[in-house]
>>> print(open('entry_0.cif').read())   # mmCIF, C-alpha atoms
data_work
loop_
_atom_site.label_atom_id
_atom_site.label_comp_id
_atom_site.auth_asym_id
_atom_site.auth_seq_id
_atom_site.Cartn_x
_atom_site.Cartn_y
_atom_site.Cartn_z
CA MET E 1 -89.51 49.92 39.89
CA ALA E 2 -91.58 47.93 42.36
CA ILE E 3 -91.79 49.29 45.89
CA ASN E 4 -90.77 45.99 47.44
CA HIS E 5 -87.65 46.08 45.28
CA LEU E 6 -86.78 49.56 46.52
CA GLU E 7 -87.37 48.37 50.06
CA LEU E 8 -84.90 45.60 49.39
CA VAL E 9 -82.37 48.14 48.11
CA SER E 10 -82.91 50.25 51.24
CA ALA E 11 -82.23 47.22 53.43
CA LEU E 12 -79.11 46.50 51.36
CA VAL E 13 -77.80 50.00 52.11
CA ASP E 14 -78.19 49.10 55.78
CA GLY E 15 -76.45 45.77 55.25
CA GLN E 16 -79.40 44.00 56.77
CA LEU E 17 -80.05 41.33 54.16
CA THR E 18 -79.08 37.68 54.19
CA GLY E 19 -79.64 34.57 52.10
CA SER E 20 -82.03 34.68 49.19
CA GLU E 21 -83.00 38.32 49.80
CA LEU E 22 -79.37 39.36 49.56
CA GLU E 23 -79.06 37.39 46.33
CA GLN E 24 -82.14 39.09 44.98
CA ALA E 25 -80.90 42.55 45.94
CA LEU E 26 -77.50 41.96 44.33
CA GLU E 27 -79.20 40.76 41.17
CA LEU E 28 -81.26 43.93 41.13
CA ILE E 29 -78.25 46.18 41.59
CA ASN E 30 -76.30 44.39 38.88
CA ASN E 31 -79.08 44.29 36.32
CA ASP E 32 -81.41 47.19 36.98
CA SER E 33 -80.03 50.70 36.56
CA SER E 34 -82.89 52.27 38.53
CA ALA E 35 -82.11 49.97 41.48
CA ARG E 36 -78.49 50.98 41.22
CA GLU E 37 -79.38 54.67 41.19
CA ALA E 38 -81.71 54.20 44.15
CA PHE E 39 -78.90 52.48 46.05
CA MET E 40 -76.57 55.40 45.40
CA ARG E 41 -79.16 58.00 46.37
CA TYR E 42 -80.01 56.20 49.61
CA GLN E 43 -76.32 55.74 50.34
CA GLN E 44 -75.64 59.41 49.64
CA ALA E 45 -78.39 60.51 52.02
CA SER E 46 -76.96 58.20 54.67
CA ASP E 47 -73.46 59.59 54.06
CA ILE E 48 -74.73 63.15 54.41
CA LEU E 49 -76.41 62.23 57.70
CA HIS E 50 -73.05 60.94 58.89
CA GLY E 51 -71.22 64.09 57.79
CA TYR E 52 -69.37 62.68 54.78
CA THR E 53 -70.12 65.71 52.68
CA ARG E 54 -66.81 66.81 51.18
CA SER E 55 -67.48 65.19 47.81
CA ILE E 56 -71.15 66.09 47.61
CA ASN E 57 -72.04 67.44 44.23
CA GLN E 58 -75.06 67.66 42.02
CA ARG E 59 -75.30 63.92 41.58
CA PRO E 60 -74.31 60.99 43.76
CA LEU E 61 -70.65 60.24 43.29
CA ASP E 62 -69.97 57.17 41.18
CA LEU E 63 -66.45 55.89 40.81
CA THR E 64 -67.52 52.38 39.86
CA PHE E 65 -67.29 52.89 36.10
CA ARG E 66 -63.76 54.28 36.09
CA ILE E 67 -62.55 51.73 38.63
CA SER E 68 -64.14 48.74 36.94
CA THR E 69 -62.71 49.96 33.62
CA ALA E 70 -59.29 50.19 35.22
CA LEU E 71 -59.76 46.70 36.62
CA ASP E 72 -60.89 45.22 33.32
CA ASN E 73 -57.51 43.68 32.68
CA GLU E 74 -57.16 42.36 36.20
CA PRO E 75 -57.86 38.66 36.59
CA ALA E 76 -60.92 37.65 38.54
CA TYR E 77 -59.93 35.72 41.63
CA THR E 78 -60.53 32.03 41.68
CA ILE E 79 -58.94 31.11 44.98
CA ALA E 80 -61.37 29.75 47.50
CA THR E 81 -61.19 31.71 50.73
CA GLU E 82 -60.63 28.63 52.82
CA THR E 83 -57.33 27.87 51.15
CA LYS E 84 -55.86 31.19 52.15
CA SER E 85 -56.34 30.55 55.81
CA THR E 86 -53.76 27.79 55.56
CA ALA E 87 -51.00 30.17 54.46
CA LYS E 88 -47.99 29.58 56.61
CA LEU E 89 -45.31 31.87 57.89
CA PHE E 90 -41.83 30.91 58.91
CA ARG E 91 -41.08 31.26 62.55
CA PHE E 92 -38.24 30.44 64.83
CA PRO E 93 -39.00 27.81 67.49
CA ASP E 94 -40.30 29.14 70.78
CA ASN E 95 -37.08 28.37 72.63
CA PHE E 96 -34.90 29.83 69.88
CA TRP E 97 -34.14 33.10 71.62
CA LYS E 98 -33.44 31.37 74.93
CA GLN E 99 -30.98 29.06 73.20
CA ALA E 100 -29.51 31.90 71.16
CA THR E 101 -29.00 34.04 74.26
CA GLY E 102 -27.34 31.16 76.06
CA LEU E 103 -25.06 30.44 73.15
CA ALA E 104 -24.24 34.11 72.68
CA MET E 105 -23.33 34.46 76.34
CA ALA E 106 -21.23 31.29 76.22
CA ALA E 107 -19.49 32.53 73.08
CA SER E 108 -18.83 35.92 74.68
CA VAL E 109 -17.37 34.36 77.82
CA GLY E 110 -15.28 32.04 75.65
CA ALA E 111 -14.13 34.94 73.52
CA LEU E 112 -13.24 37.00 76.59
CA ALA E 113 -11.31 34.08 78.03
CA VAL E 114 -9.39 33.60 74.78
CA VAL E 115 -8.70 37.32 74.50
CA GLY E 116 -7.55 37.40 78.08
CA VAL E 117 -5.20 34.48 77.61
CA VAL E 118 -3.89 35.84 74.34
CA GLN E 119 -3.34 39.28 75.83
CA GLN E 120 -1.49 37.76 78.74
CA GLN E 121 0.67 35.71 76.42
CA SER E 122 1.40 38.12 73.56
CA GLY E 123 -0.25 41.47 74.06
CA PHE E 124 -2.76 42.90 71.61
CA ASP E 125 -1.21 41.68 68.37
CA ASN E 126 -3.36 38.55 68.07
CA MET E 127 -6.85 40.07 68.40
CA PRO E 128 -8.31 38.51 65.19
CA VAL E 129 -8.25 35.11 66.93
CA ALA E 130 -11.03 36.29 69.22
CA SER E 131 -13.37 37.20 66.38
CA VAL E 132 -12.92 33.80 64.77
CA VAL E 133 -13.98 32.08 67.97
CA ALA E 134 -16.99 34.38 68.42
CA ASN E 135 -18.23 33.71 64.92
CA GLU E 136 -18.41 29.96 65.33
CA ALA E 137 -21.31 29.86 67.73
CA PRO E 138 -23.98 31.50 65.52
CA ALA E 139 -22.96 29.31 62.58
CA THR E 140 -23.66 26.19 64.63
CA MET E 141 -26.94 27.64 65.81
CA ILE E 142 -28.23 28.42 62.32
CA SER E 143 -27.43 24.99 61.04
CA GLN E 144 -29.57 23.51 63.81
CA SER E 145 -32.61 25.74 63.25
CA ASN E 146 -35.73 24.39 61.59
CA ARG E 147 -38.48 26.07 59.57
CA TRP E 148 -41.48 26.49 61.77
CA THR E 149 -44.97 27.49 60.86
CA VAL E 150 -47.25 29.75 62.86
CA ALA E 151 -49.55 27.66 64.94
CA GLU E 152 -51.50 30.45 66.64
CA PRO E 153 -54.02 32.12 64.30
CA GLU E 154 -53.79 35.32 66.33
CA VAL E 155 -50.06 35.63 65.72
CA GLU E 156 -50.47 34.72 62.07
CA ASP E 157 -53.19 37.34 61.69
CA ARG E 158 -51.04 40.02 63.27
CA LEU E 159 -48.15 39.16 60.99
CA ASN E 160 -50.48 39.34 58.00
CA ASN E 161 -51.61 42.77 59.10
CA TYR E 162 -48.01 43.90 59.49
CA LEU E 163 -47.31 42.60 56.01
CA VAL E 164 -50.23 44.52 54.50
CA ASP E 165 -49.37 47.68 56.45
CA HIS E 166 -45.74 47.48 55.53
CA ASN E 167 -46.41 46.93 51.85
CA GLU E 168 -48.46 50.09 51.84
CA TYR E 169 -45.48 52.07 53.06
CA VAL E 170 -42.70 50.32 51.16
CA GLY E 171 -42.98 52.57 48.12
CA THR E 172 -41.99 55.69 50.02
CA SER E 173 -39.96 54.72 53.03
CA GLY E 174 -37.06 53.08 51.27
CA MET E 175 -37.24 50.19 53.69
CA PHE E 176 -36.45 46.64 52.74
CA SER E 177 -39.44 44.70 51.60
CA TYR E 178 -40.99 42.76 54.44
CA GLY E 179 -40.98 39.78 52.11
CA ARG E 180 -37.23 39.52 52.62
CA VAL E 181 -37.79 38.77 56.27
CA VAL E 182 -41.15 37.03 56.41
CA SER E 183 -42.83 35.34 53.52
CA TYR E 184 -45.44 32.77 52.80
CA GLY E 185 -44.33 29.17 52.63
CA THR E 186 -45.57 26.76 50.02
CA GLU E 187 -46.04 23.89 52.43
CA ARG E 188 -49.28 23.42 54.34
CA MET V 1 -71.84 36.89 58.19
CA ASN V 2 -72.53 40.53 57.32
CA VAL V 3 -73.08 41.89 53.82
CA ASP V 4 -69.52 43.22 53.49
CA GLN V 5 -68.04 39.83 54.33
CA GLU V 6 -70.38 38.19 51.85
CA LEU V 7 -69.34 40.66 49.14
CA VAL V 8 -65.65 40.22 49.90
CA GLN V 9 -66.00 36.46 49.65
CA ARG V 10 -67.77 36.84 46.34
CA VAL V 11 -64.95 38.98 44.96
CA GLN V 12 -62.41 36.49 46.25
CA ALA V 13 -64.34 33.78 44.46
CA GLY V 14 -64.20 35.66 41.16
CA ASP V 15 -67.30 37.88 41.19
CA LYS V 16 -65.97 41.27 40.08
CA LYS V 17 -69.40 42.89 40.20
CA ALA V 18 -69.52 42.37 43.94
CA PHE V 19 -66.60 44.77 44.17
CA ASP V 20 -68.69 47.42 42.38
CA LEU V 21 -71.14 47.37 45.24
CA LEU V 22 -68.34 47.82 47.78
CA ILE V 23 -67.18 50.84 45.77
CA MET V 24 -70.71 52.27 45.65
CA LYS V 25 -71.07 51.78 49.36
CA TYR V 26 -67.80 53.31 50.49
CA GLN V 27 -66.71 55.76 47.79
CA GLN V 28 -68.18 58.80 49.53
CA ARG V 29 -66.53 57.96 52.85
CA ILE V 30 -63.21 57.17 51.21
CA ILE V 31 -63.23 60.44 49.26
CA HIS V 32 -64.03 62.19 52.52
CA VAL V 33 -61.00 60.61 54.19
CA ILE V 34 -58.70 61.30 51.24
CA THR V 35 -59.66 64.96 51.07
CA GLY V 36 -58.16 65.28 54.54
CA PHE V 37 -54.82 64.84 52.73
CA VAL V 38 -55.36 65.71 49.08
CA HIS V 39 -57.29 68.92 48.68
CA ASP V 40 -57.72 69.08 44.95
CA PRO V 41 -61.03 67.37 44.03
CA VAL V 42 -59.72 65.86 40.80
CA GLU V 43 -56.59 64.53 42.50
CA ALA V 44 -58.71 63.18 45.34
CA MET V 45 -60.80 61.18 42.87
CA ASP V 46 -57.62 59.76 41.32
CA VAL V 47 -56.27 58.78 44.72
CA ALA V 48 -59.60 57.19 45.62
CA GLN V 49 -59.49 55.20 42.40
CA GLU V 50 -55.94 54.09 43.18
CA ALA V 51 -56.95 53.09 46.71
CA PHE V 52 -59.83 50.95 45.47
CA ILE V 53 -57.61 49.31 42.86
CA LYS V 54 -55.00 48.55 45.53
CA ALA V 55 -57.74 47.12 47.70
CA TYR V 56 -58.93 44.89 44.87
CA ARG V 57 -55.41 43.62 44.28
CA ALA V 58 -54.84 42.98 47.97
CA LEU V 59 -58.22 41.38 48.52
CA PRO V 60 -56.91 37.80 48.35
CA ASN V 61 -54.89 38.66 51.47
CA PHE V 62 -57.84 40.16 53.31
CA ARG V 63 -58.78 37.66 55.96
CA GLY V 64 -61.70 39.43 57.56
CA ASP V 65 -60.01 39.96 60.93
CA SER V 66 -61.07 43.59 60.82
CA ALA V 67 -64.10 45.11 59.16
CA PHE V 68 -63.68 45.60 55.42
CA TYR V 69 -64.07 49.36 55.79
CA THR V 70 -61.35 49.57 58.44
CA TRP V 71 -59.01 47.76 56.09
CA LEU V 72 -60.02 49.90 53.11
CA TYR V 73 -59.65 53.01 55.24
CA ARG V 74 -56.03 52.14 56.05
CA ILE V 75 -55.31 51.61 52.36
CA ALA V 76 -56.87 54.99 51.54
CA ILE V 77 -54.79 56.77 54.20
CA ASN V 78 -51.57 55.14 53.02
CA THR V 79 -52.35 55.79 49.36
CA SER V 80 -52.99 59.45 50.15
CA LYS V 81 -49.70 59.78 52.01
CA ASN V 82 -47.82 57.98 49.24
CA HIS V 83 -49.43 60.27 46.70
CA LEU V 84 -48.28 63.36 48.57
CA THR V 85 -44.79 61.97 49.01
CA ALA V 86 -44.57 61.00 45.35
CA SER V 87 -45.60 64.50 44.36
CA SER V 88 -42.99 65.89 46.78
CA ARG V 89 -45.51 67.30 49.18
CA ARG V 90 -45.24 66.53 52.81
CA PRO V 91 -48.32 64.76 54.17
CA PRO V 92 -49.98 67.67 55.98
CA MET V 93 -51.56 65.58 58.66
CA SER V 94 -48.78 63.16 59.43
CA ASP V 95 -48.99 64.17 63.08
CA VAL V 96 -52.73 63.56 63.21
CA ASP V 97 -53.88 60.13 64.21
CA ALA V 98 -55.32 58.33 61.23
CA MET V 99 -58.59 57.58 62.96
CA ASP V 100 -59.11 61.29 63.64
CA ALA V 101 -58.63 62.23 60.00
CA THR V 102 -62.24 61.52 59.13
CA ASN V 103 -63.41 64.15 61.57
CA TYR V 104 -60.72 66.70 60.82
CA TYR V 105 -63.14 69.28 59.51
CA ASP V 106 -61.47 72.44 60.69
CA ALA V 107 -58.23 72.11 58.75
CA PRO V 108 -57.81 75.35 56.79
CA GLU V 109 -56.48 73.36 53.83
CA LEU V 110 -59.87 71.75 53.38
CA LYS V 111 -61.30 75.08 52.37
CA GLU V 112 -59.64 74.51 49.00
CA PHE V 113 -61.89 71.54 48.48
CA GLU V 114 -64.93 73.14 50.01
CA THR V 115 -65.85 75.74 47.43
CA PRO V 116 -68.64 78.17 48.33
CA GLU V 117 -70.97 76.33 45.94
CA ASN V 118 -70.13 72.99 47.47
CA SER V 119 -70.53 74.30 51.01
CA LEU V 120 -73.88 75.85 50.18
CA MET V 121 -75.04 72.63 48.58
CA CYS V 122 -74.02 70.65 51.66
CA VAL V 123 -75.85 73.01 53.99
CA GLU V 124 -78.97 72.89 51.86
CA LEU V 125 -78.89 69.12 51.65
CA GLU V 126 -78.36 68.70 55.37
CA GLU V 127 -81.22 71.05 56.12
CA ALA V 128 -83.48 69.33 53.60
CA ILE V 129 -82.76 65.94 55.11
CA GLN V 130 -83.32 67.17 58.65
CA GLN V 131 -86.59 68.75 57.56
CA ALA V 132 -87.66 65.55 55.83
CA ILE V 133 -87.03 63.59 59.02
CA GLU V 134 -88.92 66.11 61.14
CA ASP V 135 -91.91 65.88 58.82
CA LEU V 136 -92.10 62.11 59.10
CA PRO V 137 -94.65 60.32 61.28
CA GLU V 138 -93.12 59.70 64.71
CA ASP V 139 -92.60 55.94 64.38
CA THR V 140 -90.99 56.34 60.94
CA ALA V 141 -88.72 59.13 62.17
CA THR V 142 -87.74 57.06 65.22
CA ALA V 143 -86.87 54.06 63.06
CA ILE V 144 -84.58 56.03 60.71
CA LYS V 145 -82.95 57.90 63.62
CA LEU V 146 -82.21 54.67 65.48
CA ARG V 147 -80.73 53.23 62.32
CA GLU V 148 -78.68 56.21 61.10
CA PHE V 149 -77.69 57.93 64.33
CA GLU V 150 -77.58 55.04 66.78
CA GLY V 151 -76.38 52.45 64.27
CA MET V 152 -78.84 49.88 65.54
CA SER V 153 -79.65 46.76 63.52
CA TYR V 154 -83.19 46.10 62.32
CA GLU V 155 -83.50 43.44 64.97
CA GLU V 156 -82.48 45.86 67.73
CA ILE V 157 -84.84 48.53 66.42
CA ALA V 158 -87.68 46.01 66.28
CA GLU V 159 -87.00 45.14 69.89
CA ALA V 160 -86.75 48.79 70.95
CA MET V 161 -89.94 49.76 69.11
CA ASP V 162 -91.75 46.54 69.93
CA CYS V 163 -92.72 45.74 66.35
CA PRO V 164 -91.81 43.12 63.72
CA ILE V 165 -88.56 43.44 61.76
CA GLY V 166 -90.54 43.74 58.52
CA THR V 167 -92.26 46.83 59.92
CA VAL V 168 -88.92 48.37 60.81
CA ARG V 169 -87.67 47.70 57.31
CA SER V 170 -90.66 49.34 55.64
CA ARG V 171 -90.55 52.33 58.02
CA ILE V 172 -86.90 52.92 57.21
CA PHE V 173 -87.64 52.56 53.52
CA ARG V 174 -90.48 55.11 53.74
CA ALA V 175 -88.18 57.50 55.58
CA ARG V 176 -85.55 57.09 52.86
CA GLU V 177 -88.08 57.78 50.15
CA ALA V 178 -89.18 60.96 51.91
CA ILE V 179 -85.56 62.05 52.31
CA ASP V 180 -84.86 61.21 48.70
CA LYS V 181 -87.76 63.37 47.58
CA GLN V 182 -86.39 66.33 49.54
CA VAL V 183 -82.86 65.79 48.22
CA LYS V 184 -84.16 65.69 44.66
CA SER V 185 -86.00 68.97 45.19
CA VAL V 186 -82.82 70.63 46.48
CA MET V 187 -80.87 69.32 43.50
CA GLY V 188 -83.56 70.40 41.08
CA GLU V 189 -84.35 66.86 40.00
CA GLU V 190 -87.97 66.81 41.11
CA GLU V 191 -90.05 64.38 39.10
#
>>> encode(input="entry_0.cif", output="structure tokens")
Amino acid sequence: MAINHLELVSALVDGQLTGSELEQALELINNDSSAREAFMRYQQASDILHGYTRSINQRPLDLTFRISTALDNEPAYTIATETKSTAKLFRFPDNFWKQATGLAMAASVGALAVVGVVQQQSGFDNMPVASVVANEAPATMISQSNRWTVAEPEVEDRLNNYLVDHNEYVGTSGMFSYGRVVSYGTER
Amino acid sequence: MNVDQELVQRVQAGDKKAFDLLIMKYQQRIIHVITGFVHDPVEAMDVAQEAFIKAYRALPNFRGDSAFYTWLYRIAINTSKNHLTASSRRPPMSDVDAMDATNYYDAPELKEFETPENSLMCVELEEAIQQAIEDLPEDTATAIKLREFEGMSYEEIAEAMDCPIGTVRSRIFRAREAIDKQVKSVMGEEE
């Protein structure tokens, strides 16, 4: 293998290639087994220098074959990366909680007033009336809410991270899937 | 855009082979992280495989906000914990911060993974590599040290050593070749 090719592979290990040189290096790795082996040897030496030695054995570790075999039946992605950035998340309007708090307080005061009046008039026998009154306010509120999308990329990114993190833990924690609370919308 | 981002975008655009390179690049580190949780070498390989497969499946959702390795690292940690839970073993390091797991060398459990043969091999390799670096000409040794230990880019090294980037690249390559020769001699693969 040509020395300049190996030099290219060395620079690839360092992640210091761009443009046509990166293309060339990737071509080499994909099509030339000696370039691939050189990459793994250089990478292994670098890993040893950084203390990642627990899996060191006679030969550089290579999981690519077993993983790519396992992924053989997986579809190759065809989605352009730009389209994903437009994924939207539902969100309550900014003033939602302010309005909700106000309505909840009003409902509570109303409920207390009704309970007070009812208690004065007929004792504790008519308590269910209070719960009916209290339940009306949230129903009105929900019917007025709109679907909002996340405007701030930072917030959207954080929610995406939560989604990924959560999904990793869902299998063991017994929690509800995050998708039941927050999910991607189809609208742009 | 760095090489990892470029590779991720290629995978997202349908180039499966680009994912192979990400595996080749990070498999050693990921195994190292996983062995902090799963001490059996064969199991650790299986968990690593599962983590990479999960990463591949989740890649359409990877937006590049964090470095690819940071993201992959989290997947590896979670996969390890899930593996232990699924096999009814309590994650042994659940009270250790995930970012410290990589450097959690002194855990007695790790001795299961570190067989005497493996430990001896590691020591010999580390010594061989250190010796190879010491034997290098000064400018070559400086270039590889700045790259590997200080994590400097070629551009930064060129500036620090007052030489062209191409010179830095060839010095680092020569250093790697010298190290490789030493590693091969330790492993009995001398040509």
>>> atom_distance(input="entry_0.cif", atom1="atom CA of V:Met24", atom2="atom CA of E:Val9")
12.6 Å
>>> interface_residues(input="entry_0.cif", of="chain E", to="chain V", cutoff="6 Å", atoms="only C-alpha atoms", output="short mmCIF file (atom, residue, chain, number, x, y, z; two decimals) with C-alpha atoms, in the frame of the given file")
data_model
loop_
_atom_site.label_atom_id
_atom_site.label_comp_id
_atom_site.auth_asym_id
_atom_site.auth_seq_id
_atom_site.Cartn_x
_atom_site.Cartn_y
_atom_site.Cartn_z
CA GLU E 7 -87.37 48.37 50.06
CA SER E 10 -82.91 50.25 51.24
CA GLY E 15 -76.45 45.77 55.25
CA TYR E 52 -69.37 62.68 54.78
CA ARG E 54 -66.81 66.81 51.18
CA THR E 64 -67.52 52.38 39.86
CA ILE E 67 -62.55 51.73 38.63
CA ALA E 76 -60.92 37.65 38.54
CA TYR E 77 -59.93 35.72 41.63
CA THR E 78 -60.53 32.03 41.68
CA ALA E 80 -61.37 29.75 47.50
#
>>> atom_distance(input="entry_0.cif", atom1="atom CA of E:Ser20", atom2="atom CA of E:Asn4")
14.4 Å
>>> atom_distance(input="entry_0.cif", atom1="atom CA of V:Ile157", atom2="atom CA of E:Arg41")
22.9 Å
>>> resolve_selection(input="entry_0.cif", expression="the PyMOL selection byres ((chain E and resi 24) around 12)", output="count of residues only")
24
>>> closest_residue(input="entry_0.cif", among="E:Ala104, E:Phe65, E:Arg158, E:Leu49", to="V:Ala132", atoms="all atoms listed in the file")
E:Leu49
>>> closest_residue(input="entry_0.cif", among="V:Leu146, V:Ala128, V:Ile165, V:Ala160", to="V:Ala178", atoms="all atoms listed in the file")
V:Ala128
